[in-house]
Structure formats: C-alpha cells, structure tokens
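Below: entry12.txt (compact mmCIF, C-alpha atoms)
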# COMPACT_ATOMS: atom_id res chain seq x y z
CA MET A 613 -199.22 -43.79 167.97
CA ARG A 614 -198.86 -41.61 164.92
CA ARG A 615 -195.35 -40.30 164.47
CA LEU A 616 -194.61 -36.79 163.24
CA LEU A 617 -192.54 -38.43 160.52
CA ASN A 618 -195.73 -39.78 158.94
CA VAL A 619 -197.79 -36.56 159.05
CA ARG A 620 -198.33 -35.39 155.47
CA PRO A 621 -200.30 -32.15 155.03
CA ARG A 622 -202.65 -31.77 152.09
CA MET A 623 -202.23 -29.09 149.44
CA SER A 624 -204.30 -26.53 151.38
CA GLY A 625 -202.30 -27.27 154.51
CA ARG A 626 -199.02 -26.89 152.63
CA ILE A 627 -200.11 -23.51 151.31
CA MET A 628 -201.05 -22.30 154.79
CA LEU A 629 -197.86 -23.63 156.35
CA GLY A 630 -195.78 -21.98 153.64
CA ALA A 631 -197.62 -18.66 153.84
CA ALA A 632 -197.45 -18.37 157.63
CA PRO A 633 -193.69 -17.56 157.89
CA LEU A 634 -193.96 -15.05 155.04
CA ALA A 635 -196.92 -13.32 156.67
CA GLY A 636 -195.05 -13.27 159.96
CA ALA A 637 -191.99 -11.68 158.35
CA LEU A 638 -194.13 -9.01 156.65
CA LEU A 639 -195.93 -8.24 159.91
CA LEU A 640 -192.64 -7.98 161.77
CA TYR A 641 -191.27 -5.59 159.15
CA LEU A 642 -194.45 -3.50 159.23
CA LEU A 643 -194.27 -3.11 163.02
CA ALA A 644 -190.54 -2.29 162.96
CA SER A 645 -191.01 0.24 160.15
CA GLN A 646 -193.88 2.00 161.92
CA GLU A 647 -191.90 2.15 165.16
CA ARG A 648 -188.85 3.68 163.49
CA HIS A 649 -190.89 6.24 161.54
CA ALA A 650 -192.82 7.20 164.66
CA ALA A 651 -189.49 8.08 166.27
CA ASN A 652 -187.94 9.55 163.11
CA PRO A 653 -190.23 10.35 160.14
CA SER A 654 -187.19 10.78 157.83
CA ASP A 655 -185.78 7.34 158.59
CA LYS A 656 -184.50 5.58 155.45
CA LEU A 657 -183.41 2.23 156.84
CA LEU A 658 -186.89 0.69 157.02
CA PRO A 659 -189.12 2.51 154.53
CA THR A 660 -192.87 2.13 154.87
CA PHE A 661 -194.86 0.11 152.37
CA ALA A 662 -196.35 3.35 151.05
CA ALA A 663 -192.89 4.78 150.40
CA MET A 664 -191.81 1.63 148.56
CA ILE A 665 -194.96 1.68 146.44
CA ASP A 666 -194.32 5.32 145.50
CA ALA A 667 -190.71 4.53 144.62
CA ALA A 668 -191.79 1.53 142.54
CA LYS A 669 -194.27 3.72 140.65
CA LEU A 670 -191.47 6.19 139.95
CA MET A 671 -189.30 3.40 138.52
CA THR A 672 -192.12 2.34 136.19
CA GLN A 673 -192.39 5.78 134.58
CA VAL A 674 -190.67 6.64 131.32
CA ASN A 675 -187.25 8.22 131.78
CA PRO A 676 -187.28 11.40 129.62
CA ASN A 677 -183.51 11.14 129.04
CA THR A 678 -183.50 7.57 127.72
CA GLY A 679 -187.12 7.05 126.68
CA GLU A 680 -187.17 3.77 128.60
CA ILE A 681 -188.94 2.57 131.71
CA PRO A 682 -186.09 1.83 134.17
CA PHE A 683 -187.79 -1.10 135.88
CA ILE A 684 -188.60 -2.89 132.63
CA ALA A 685 -185.23 -2.11 131.04
CA ASP A 686 -183.37 -3.39 134.10
CA THR A 687 -185.45 -6.56 134.26
CA LEU A 688 -185.11 -7.41 130.57
CA SER A 689 -181.37 -6.77 130.58
CA SER A 690 -180.73 -8.96 133.62
CA LEU A 691 -183.00 -11.77 132.43
CA HIS A 692 -181.29 -11.77 129.04
CA LEU A 693 -177.82 -12.13 130.55
CA LEU A 694 -178.98 -14.69 133.07
CA GLY A 695 -180.86 -16.73 130.46
CA VAL A 696 -177.92 -16.88 128.06
CA GLY A 697 -175.54 -17.79 130.87
CA LEU A 698 -177.80 -20.54 132.21
CA LEU A 699 -178.44 -22.02 128.77
CA ALA A 700 -174.73 -22.10 127.94
CA ALA A 701 -173.84 -23.55 131.34
CA THR A 702 -176.55 -26.22 130.97
CA ALA A 703 -175.34 -27.33 127.56
CA ILE A 704 -171.69 -27.48 128.63
CA SER A 705 -172.55 -29.25 131.89
CA LEU A 706 -174.66 -31.88 130.16
CA PHE A 707 -171.95 -32.70 127.65
CA LEU A 708 -169.09 -32.80 130.15
CA GLY A 709 -171.16 -34.54 132.82
CA LEU A 710 -172.06 -37.38 130.45
CA ILE A 711 -168.57 -38.01 129.11
CA LEU A 712 -166.92 -37.68 132.53
CA GLY A 713 -169.44 -40.00 134.10
CA LEU A 714 -169.41 -42.62 131.34
CA LEU A 715 -165.82 -42.67 130.10
CA PRO A 716 -163.15 -43.49 132.71
CA ILE A 717 -160.36 -42.29 130.42
CA ILE A 718 -161.97 -38.86 130.08
CA ARG A 719 -162.70 -38.75 133.81
CA ALA A 720 -159.04 -39.45 134.58
CA SER A 721 -157.96 -36.76 132.13
CA LEU A 722 -160.39 -33.89 132.73
CA GLY A 723 -161.68 -34.70 136.22
CA PRO A 724 -158.81 -33.00 138.11
CA LEU A 725 -159.10 -29.89 135.91
CA VAL A 726 -162.84 -29.57 136.55
CA ALA A 727 -162.29 -30.11 140.29
CA ALA A 728 -159.59 -27.43 140.36
CA ILE A 729 -161.77 -24.90 138.53
CA ALA A 730 -164.72 -25.66 140.81
CA VAL A 731 -162.87 -24.47 143.93
CA ILE A 732 -161.81 -21.12 142.43
CA PRO A 733 -164.04 -18.29 143.72
CA PRO A 734 -165.72 -16.97 140.54
CA ILE A 735 -165.78 -13.39 141.81
CA ALA A 736 -161.98 -13.52 142.02
CA VAL A 737 -161.71 -13.99 138.25
CA LEU A 738 -164.12 -11.17 137.44
CA PRO A 739 -161.31 -8.59 136.94
CA ILE A 740 -159.59 -11.05 134.60
CA LEU A 741 -162.79 -11.42 132.59
CA PHE A 742 -163.26 -7.66 132.36
CA ILE A 743 -159.66 -7.22 131.21
CA SER A 744 -159.74 -10.02 128.66
CA LEU A 745 -163.34 -9.78 127.44
CA GLY A 746 -164.11 -6.13 128.06
CA LEU A 747 -166.80 -4.51 130.16
CA GLY A 748 -169.71 -5.63 128.02
CA ASP A 749 -172.19 -8.46 128.35
CA THR A 750 -169.71 -11.17 127.34
CA ALA A 751 -167.77 -10.93 130.59
CA LYS A 752 -170.95 -11.08 132.67
CA ILE A 753 -172.21 -14.15 130.85
CA ALA A 754 -168.80 -15.77 131.15
CA LEU A 755 -168.83 -15.19 134.90
CA ILE A 756 -172.16 -17.03 135.23
CA ILE A 757 -170.86 -19.92 133.13
CA ILE A 758 -167.58 -20.19 135.03
CA GLY A 759 -169.38 -19.85 138.35
CA ILE A 760 -171.96 -22.62 138.04
CA THR A 761 -170.74 -25.00 135.31
CA PRO A 762 -167.97 -26.83 137.24
CA VAL A 763 -170.28 -27.54 140.19
CA ILE A 764 -173.05 -28.89 137.94
CA VAL A 765 -170.54 -30.95 135.95
CA ARG A 766 -169.12 -32.62 139.06
CA ASP A 767 -172.58 -33.42 140.41
CA LEU A 768 -173.86 -34.73 137.09
CA ALA A 769 -170.73 -36.78 136.43
CA SER A 770 -170.93 -38.46 139.82
CA HIS A 771 -174.60 -39.23 139.21
CA VAL A 772 -173.92 -40.77 135.79
CA ALA A 773 -170.97 -42.73 137.14
CA ALA A 774 -173.28 -44.19 139.81
CA ILE A 775 -175.65 -45.72 137.24
CA PRO A 776 -175.84 -49.45 138.05
CA GLU A 777 -173.23 -51.33 136.06
CA GLU A 778 -175.82 -53.95 135.24
CA GLN A 779 -177.62 -51.48 132.99
CA ILE A 780 -174.44 -50.70 131.08
CA ILE A 781 -173.56 -54.37 130.69
CA LYS A 782 -177.06 -55.26 129.47
CA ALA A 783 -176.95 -52.45 126.91
CA GLN A 784 -173.58 -53.65 125.62
CA THR A 785 -174.86 -57.23 125.50
CA LEU A 786 -177.68 -56.05 123.25
CA GLY A 787 -175.10 -54.49 120.95
CA ALA A 788 -175.41 -50.84 121.98
CA SER A 789 -172.52 -48.56 121.10
CA THR A 790 -171.02 -45.99 123.46
CA TRP A 791 -173.11 -43.28 121.80
CA GLN A 792 -176.30 -45.31 122.15
CA ILE A 793 -175.58 -46.05 125.81
CA ALA A 794 -175.02 -42.35 126.42
CA MET A 795 -178.26 -41.35 124.67
CA ARG A 796 -180.56 -44.21 125.69
CA VAL A 797 -179.29 -45.18 129.15
CA ALA A 798 -177.35 -42.31 130.71
CA LEU A 799 -179.12 -39.24 129.29
CA PRO A 800 -182.66 -40.05 130.52
CA GLN A 801 -181.34 -40.67 134.02
CA ALA A 802 -179.10 -37.59 133.95
CA MET A 803 -181.75 -35.07 132.91
CA PRO A 804 -183.71 -34.94 136.20
CA ARG A 805 -180.43 -34.53 138.08
CA LEU A 806 -179.34 -31.79 135.68
CA ILE A 807 -182.54 -29.84 136.28
CA ALA A 808 -182.17 -30.29 140.05
CA SER A 809 -178.58 -29.02 139.91
CA LEU A 810 -179.68 -26.09 137.77
CA ARG A 811 -182.32 -25.19 140.35
CA LEU A 812 -179.67 -25.16 143.06
CA SER A 813 -177.43 -23.00 140.87
CA LEU A 814 -180.02 -20.24 140.37
CA CYS A 815 -179.01 -18.38 143.51
CA PRO A 816 -175.25 -18.37 142.72
CA ALA A 817 -176.03 -17.36 139.14
CA TRP A 818 -178.01 -14.34 140.37
CA VAL A 819 -175.19 -13.43 142.75
CA TYR A 820 -172.60 -13.47 139.95
CA LEU A 821 -174.85 -11.48 137.63
CA ILE A 822 -175.64 -8.79 140.20
CA SER A 823 -171.98 -8.54 141.19
CA ALA A 824 -170.92 -8.05 137.57
CA GLU A 825 -173.68 -5.52 136.91
CA ALA A 826 -172.74 -3.57 140.01
CA ILE A 827 -169.15 -3.16 138.83
CA ALA A 828 -169.55 -2.43 135.14
CA SER A 829 -172.97 -1.78 133.66
CA ASP A 830 -175.38 1.00 132.81
CA VAL A 831 -178.57 -1.06 133.05
CA GLY A 832 -179.76 -4.07 135.01
CA LEU A 833 -181.22 -4.97 138.37
CA GLY A 834 -177.82 -5.19 140.05
CA TYR A 835 -176.73 -1.93 138.48
CA ARG A 836 -179.81 -0.12 139.79
CA ILE A 837 -179.43 -1.47 143.32
CA PHE A 838 -175.83 -0.34 143.60
CA LEU A 839 -176.57 2.97 141.87
CA VAL A 840 -179.17 4.09 144.41
CA ARG A 841 -177.34 2.73 147.47
CA ARG A 842 -175.21 5.88 147.54
CA TYR A 843 -178.42 7.80 148.28
CA LEU A 844 -179.55 5.26 150.90
CA SER A 845 -182.66 4.67 148.80
CA MET A 846 -183.93 1.61 150.60
CA ASP A 847 -187.40 2.35 149.21
CA ILE A 848 -186.00 1.35 145.79
CA ILE A 849 -183.51 -1.30 146.90
CA LEU A 850 -186.01 -3.41 148.84
CA PRO A 851 -188.60 -3.62 146.01
CA TYR A 852 -185.81 -4.55 143.60
CA VAL A 853 -184.55 -7.26 145.95
CA LEU A 854 -188.11 -8.54 146.33
CA TRP A 855 -188.55 -8.56 142.55
CA ILE A 856 -185.32 -10.53 142.08
CA SER A 857 -186.54 -13.02 144.68
CA LEU A 858 -189.88 -13.40 142.89
CA LEU A 859 -188.12 -13.96 139.56
CA ALA A 860 -185.86 -16.58 141.13
CA VAL A 861 -188.81 -18.34 142.76
CA ALA A 862 -190.72 -18.33 139.46
CA MET A 863 -187.73 -19.83 137.67
CA ASP A 864 -187.34 -22.47 140.36
CA ILE A 865 -191.02 -23.42 140.19
CA GLY A 866 -190.86 -23.53 136.41
CA LEU A 867 -187.88 -25.89 136.42
CA SER A 868 -189.48 -28.06 139.08
CA SER A 869 -192.73 -28.31 137.12
CA LEU A 870 -190.83 -29.10 133.94
CA SER A 871 -188.91 -31.89 135.63
CA LYS A 872 -192.05 -33.40 137.16
CA ARG A 873 -193.88 -33.25 133.85
CA LEU A 874 -191.08 -34.79 131.79
CA TYR A 875 -189.65 -37.20 134.38
CA PRO A 876 -192.40 -38.10 136.88
CA TRP A 877 -190.60 -41.31 137.83
CA ALA A 878 -187.78 -39.27 139.35
CA HIS A 879 -190.07 -37.46 141.80
CA LYS A 880 -191.67 -40.27 143.75
CA GLU A 881 -191.88 -39.16 147.39
CA ARG A 882 -191.04 -41.48 150.22
CA GLY A 883 -194.19 -43.18 151.49
CA ALA A 884 -196.26 -42.09 148.49

Could you write out this file's structure as structure tokens?
Amino acid sequence: MRRLLNVRPRMSGRIMLGAAPLAGALLLYLLASQERHAANPSDKLLPTFAAMIDAAKLMTQVNPNTGEIPFIADTLSSLHLLGVGLLAATAISLFLGLILGLLPIIRASLGPLVAAIAVIPPIAVLPILFISLGLGDTAKIALIIIGITPVIVRDLASHVAAIPEEQIIKAQTLGASTWQIAMRVALPQAMPRLIASLRLSLCPAWVYLISAEAIASDVGLGYRIFLVRRYLSMDIILPYVLWISLLAVAMDIGLSSLSKRLYPWAHKERGA
C-alpha cells in the first residue's frame, strides 16, 4: 500500500499543483467582479481586469509635472531602500549570530539585549526614528534593520550554538584559533541558515518599508498605495499589491536558488 507520505510529484506535476490554486483564485475574482459590475457598473471595490490594465498603463506614462514614470520611480525607490536595509541587516546578523553562537561570554552579555529588542514591535519605534533621524530614507532603512535583524540574529545564534561540540573540539585539537573556527567551521554551516532566515524576513521587511513610505514619503510603492486609497482607486492599488507580491516572490526564488547553488548539501530532501 502506497502511503500519501511517499507520493512525490515530478516537476510538471509540481507546476500544475502550484498553478491550480492561483488559477482558481483568479477565476473566483473574475466571477465576483463581473457580478458586482453587472449590478453596479461604477463599483470600485472589485475593479475588472480591463480597468486595472488601463490604470496600470496610466501609471507607466510620463508624469508631465515630474518628468518621471510613476510606476518605475516607485519601484526603484522601494527596491533601493529595501535592498540597503536587507544588506545591512544581513551583515549585522551574520556578525552577531556568529559571535553569540560561538562565544558563551558574548552570549551571556548581549543575548538578553538582543532578546529584549526582538520583542519590541518595530512599528512602535517608527515615530522615534522619524524624530531622531528625520523623515528621509535613513529612518526607513533603520526601521527595516531594527525590524528583522534581532529575529535573524537569534535564529542564527541558536543554529551556530547547536553545531556539534565534536567539530569544535577537533578543530581546536588541530590547532585552530577562535577566528579560524568561526571562519572554517561555523560560517559555512551558518550561511544556509542565514539565507533561509532572510527569506522568511522578506515579508516583514516589505511591511516595514510600506508602512514607513505610507507615513512620510513622496515616492515609493507604499506611498502610491496610500496616496490613491483616499480616492478608492482599487484599480491602482490591486496591481501595485500584485507587483509587490511578484517582486517578493522573485527575491525569494533568487535567494533559494543561490542557497541551493552554493550549499547543495544543506538542501537534501527527506527520502531523496
């Protein structure tokens, strides 16, 4: 008797299984939108696909006042802030995660501080960041860093601390220094976990960025969404939300592919 646990679809089957829910959601939206517009042609809650396409075309035209294409300007601005925030958070997390995981004295000293910062809602400190750092990009980047770094640090530190003690002892027996153990033993095992934690932090990072842009910004995906909401422009909001989702999915796939390419040993599936 073949158990469901052992059923492993091939690549074509995975694509079909993954596409089916998306197709179902699109079909459901299409039917709901047509029903609402049949009852009320001026309905704005569920715009038709044609209305969203027209709105998207409008956002890709040059704004005569600024000389920029709003869609491109918003995308580039948001990706710049997000990229800088993620890079800074990754570097800080890797450094702190390694020393907290490897050095008990550092873990005893800084561990409680990192744990305390990790439970503070990042959105709650946004006014403090705006007051202390101003309303520019620095505060938005800082919010991303503060929002995701403590969580990644705690996860990475616990992973490094769980490295089998036998590996550490063998490295010391061969004369390795603390620095060499960190670089040659801990770092290779920490990198796949760091990338996995970063993938899980993409969604919170987007949330913090959009929240900051909605409050104080004149360009960006979050700024645009909250600007047009006052006009109930769902035909613009929904395409922007979809675009943010596609960007996030592309980033997630990119990180996953990078991890599998660089660290294939860390991605062995059960039963493979």

message = Give me the residues near A:Leu814 as a PyMOL selection string, where near means some atom within 9 Å (using all atoms listed in the file) and where sequence neighbours in that chain fewer than 5 positions away do not count.
response = chain A and resi 698+760+809+819+860+863-864

inquiry  = Restricting the calculation to all atoms listed in the file: of A:Val840, A:Leu710, A:Ile822, A:Met671, which residue gets closest to A:Arg796?
reply    = A:Leu710

query = Quick one: residues within 12 Å of A:Phe661, all atoms listed in the file counted, chain neighbours fewer than 5 positions away excluded, as an NGL selection string?
reply = :A and (638-639 or 641-646 or 649 or 666-668 or 846-848 or 850-851)

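Among the candidates A:Leu745, A:Leu854, A:Val861, A:Ile704, the residue lying nearest to A:Cys815 is A:Val861 (atoms considered: all atoms listed in the file).
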
ask   = Hey, what's within 9 Å of A:Ala701 if we count all atoms listed in the file and toss same-chain stuff fewer than 3 positions away? As JSON, numbers by chain, please?
value = {"A": [696, 697, 698, 704, 705, 706, 756, 757, 758, 760, 761, 762, 764]}

key: Given all atoms listed in the file as the counted atoms, nearest of A:Ile837, A:Val731, A:Leu870, A:Leu821 to A:Arg766   =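 Between A:Ile837, A:Val731, A:Leu870, A:Leu821, the residue approaching A:Arg766 most closely is A:Val731.
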
Nearest candidate to A:Ile681 (options A:Leu693, A:Arg622, A:Gly832, A:Ser845; using all atoms listed in the file) =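 Counting all atoms listed in the file, the residue closest to A:Ile681 is A:Gly832.
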
Determine, for each residue of stretch 685-782 of chain A having at least one atom at most 12 Å from an atom of stretch 672-679 of chain A, the closest pair of atoms and their separation in Å to one decimal, counting only C-alpha atoms; order by chain and ascending number, as JSON lines.
{"residue": "A:Ala685", "atom": "CA", "partner": "A:Thr672", "partner_atom": "CA", "distance": 9.7}
{"residue": "A:Asp686", "atom": "CA", "partner": "A:Thr672", "partner_atom": "CA", "distance": 10.7}
{"residue": "A:Thr687", "atom": "CA", "partner": "A:Thr672", "partner_atom": "CA", "distance": 11.3}

ask   = In Å to one decimal, how far is atom CA of A:Ser823 from atom CA of A:Ile807?
value =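 Going from atom CA of A:Ile807 over to atom CA of A:Ser823, I get 24.3 Å.
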
ask   = Between atom CA of A:Ile856 and atom CA of A:Phe707, what is the spacing in Å?
value =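 Atom-to-atom, atom CA of A:Phe707 to atom CA of A:Ile856, that is 29.6 Å.
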
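Minimum distance to A:Ala808 across A:Ala878, A:Leu839, A:Ile827, A:Leu699 (counting all atoms listed in the file) occurs at A:Ala878.
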
Atom pair atom CA of A:Ala783 / atom CA of A:Leu708: separation (Å) =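 The value is 21.4 Å.
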
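Here the question is which of A:Ala828, A:Ile865, A:Val619, A:Leu747 gets nearest to A:Arg811 using all atoms listed in the file, and that residue is A:Ile865.
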
Please report, as JSON, the centre and edge lengths in Å to one decimal of an axis-aligned box covering all listed atoms of stretch 738-756 of chain A with 3 Å per side.
{"center_x": -165.9, "center_y": -10.8, "center_z": 132.4, "size_x": 18.6, "size_y": 18.5, "size_z": 16.1}

request  = Determine, counting all atoms listed in the file, which protein, DNA and RNA residues have an atom within 8 Å of an atom of A:Gly713; residues of the same chain fewer than 5 positions away are not included. Present the result as number ranges by chain.
outcome  = A: 719, 768-773
